[in-house]
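Worksheet: the structure to be examined is printed underneath.
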Amino acid sequence: QKSFNIYARKEYGAEAVEYDLFNSNAVSETGKIIDKFDSFVLRNGGNDASYSRWRDKLNQTLSSGRDFLTQSMESAVVFIDGEYWGQYEITEKLSDDFVHDHYDIPKKNVCIIKNEELDEGDAEGLDEFNQLWSWIKSTDFSSDAAYAQLAEKVDMQSLADYLSAELYI
């Protein structure tokens with residue numbers, strides 16, 4: 001069973017899917033329900049596809065409310081051309097649209113890096129990240145001044161919440 005990336009395109013009929021795919025659980029930082037999507041994923045269960053198939057959704061739900069973004073997910077049964085394909089999770093797609101919808105950050109200011117490569121954004125954003133990463137690896141943070149400088153560049157509460165969730169899960 002494979003996951004599918006679903007994209008709305010004008011040539012397919014609409015520029016966006018205008019529907020509350022996540023039963024009002026996809027909510028922006030300002031409390032607005034997100035009900036318009038340029039893309040989303042029909043996820044096969046990921047690393048849990050051969051087992052319970054709900055672990056990813058449980059982890060996202062347990063982590064929601066922390067000071068970092070989580071993906072909304074909703075179970076679905078998928079048929080393609082009338083053929084049963086199985087149970088999937090409709091999942092928010094990690095993209096510049098996702099960040100924009102949740103934090104109202106202009107898409108041009110979003111840089112997404114996956115596996116140390118630019119996934120979305122521009123080379124300038126990637127260079128900025130690489131410079132930050134090089135500086136982090138070469139800096140001694142036992143110094144209060146160095147830590148304060150890091151805290152100016154990185155949301156430390158968000159990082160702590162994320163790492164805590166990762167360690168726990």
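Following the order of the structure tokens, chains are lettered A, B, ..., residues in each are numbered from 1, and ligands are numbered from 1.
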Notebook entry, point to check: Which residues, written as a PyMOL selection string, have at least one atom at most 12 Å from range 52-67 of chain A, with only C-alpha atoms counted and residues fewer than 4 positions away on the same chain left out?
Noted result: chain A and resi 1+22+25-29+43-48+71-76+86-92+155-169
Next item on the list: Enumerate the residues of range 31-93 of chain A with a DSSP assignment of helix (DSSP H, G or I), computed from the backbone, and present them as a VMD selection string.
Entry: chain A and resid 46 to 48 55 to 63
Just to be explicit: take each residue in the selection above, keep N, CA and C atoms, and write the result as a tab-separated table (two decimals), in the first residue's frame.
chain	number	residue	atom	x	y	z
A	46	GLY	N	2.71	4.85	7.34
A	46	GLY	CA	4.14	5.06	7.53
A	46	GLY	C	4.85	3.85	8.11
A	47	ASN	N	5.69	4.09	9.11
A	47	ASN	CA	6.45	3.01	9.74
A	47	ASN	C	5.56	2.01	10.47
A	48	ASP	N	4.29	2.37	10.66
A	48	ASP	CA	3.35	1.53	11.38
A	48	ASP	C	2.36	0.85	10.43
A	55	ARG	N	-0.47	4.58	15.12
A	55	ARG	CA	0.59	5.13	15.96
A	55	ARG	C	0.94	6.58	15.58
A	56	ASP	N	1.05	6.86	14.29
A	56	ASP	CA	1.38	8.23	13.86
A	56	ASP	C	0.31	9.22	14.31
A	57	LYS	N	-0.95	8.83	14.11
A	57	LYS	CA	-2.04	9.72	14.52
A	57	LYS	C	-2.03	9.91	16.03
A	58	LEU	N	-1.79	8.87	16.79
A	58	LEU	CA	-1.73	8.98	18.24
A	58	LEU	C	-0.60	9.92	18.66
A	59	ASN	N	0.57	9.76	18.06
A	59	ASN	CA	1.71	10.61	18.41
A	59	ASN	C	1.44	12.08	18.07
A	60	GLN	N	0.83	12.32	16.91
A	60	GLN	CA	0.50	13.70	16.53
A	60	GLN	C	-0.51	14.29	17.52
A	61	THR	N	-1.50	13.50	17.91
A	61	THR	CA	-2.52	13.97	18.84
A	61	THR	C	-1.93	14.23	20.22
A	62	LEU	N	-1.09	13.31	20.71
A	62	LEU	CA	-0.46	13.50	22.02
A	62	LEU	C	0.45	14.73	22.04
A	63	SER	N	1.06	15.03	20.91
A	63	SER	CA	2.00	16.15	20.82
A	63	SER	C	1.31	17.49	20.55
Item checked: Top pick for closest residue to Ser3 in chain A, considering A:Ser138, A:Thr70, A:Ser143, A:Phe40 and counting only C-alpha atoms ->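 Looking at the shortest contact to Ser3 in chain A, the residue is A:Phe40.
Here CA of His102 in chain A and CA of Asn115 in chain A stand 23.1 Å from one another.
Each of A:Lys2, A:Cys111, A:Ala146, A:Phe98 was compared to Ala49 in chain A using only C-alpha atoms, and A:Lys2 turns out to be the nearest.
Comparing A:Thr30, A:Asn23, A:Asn5, A:Asn130 by their smallest distance to Asp101 in chain A, the closest is A:Thr30 (using only C-alpha atoms).
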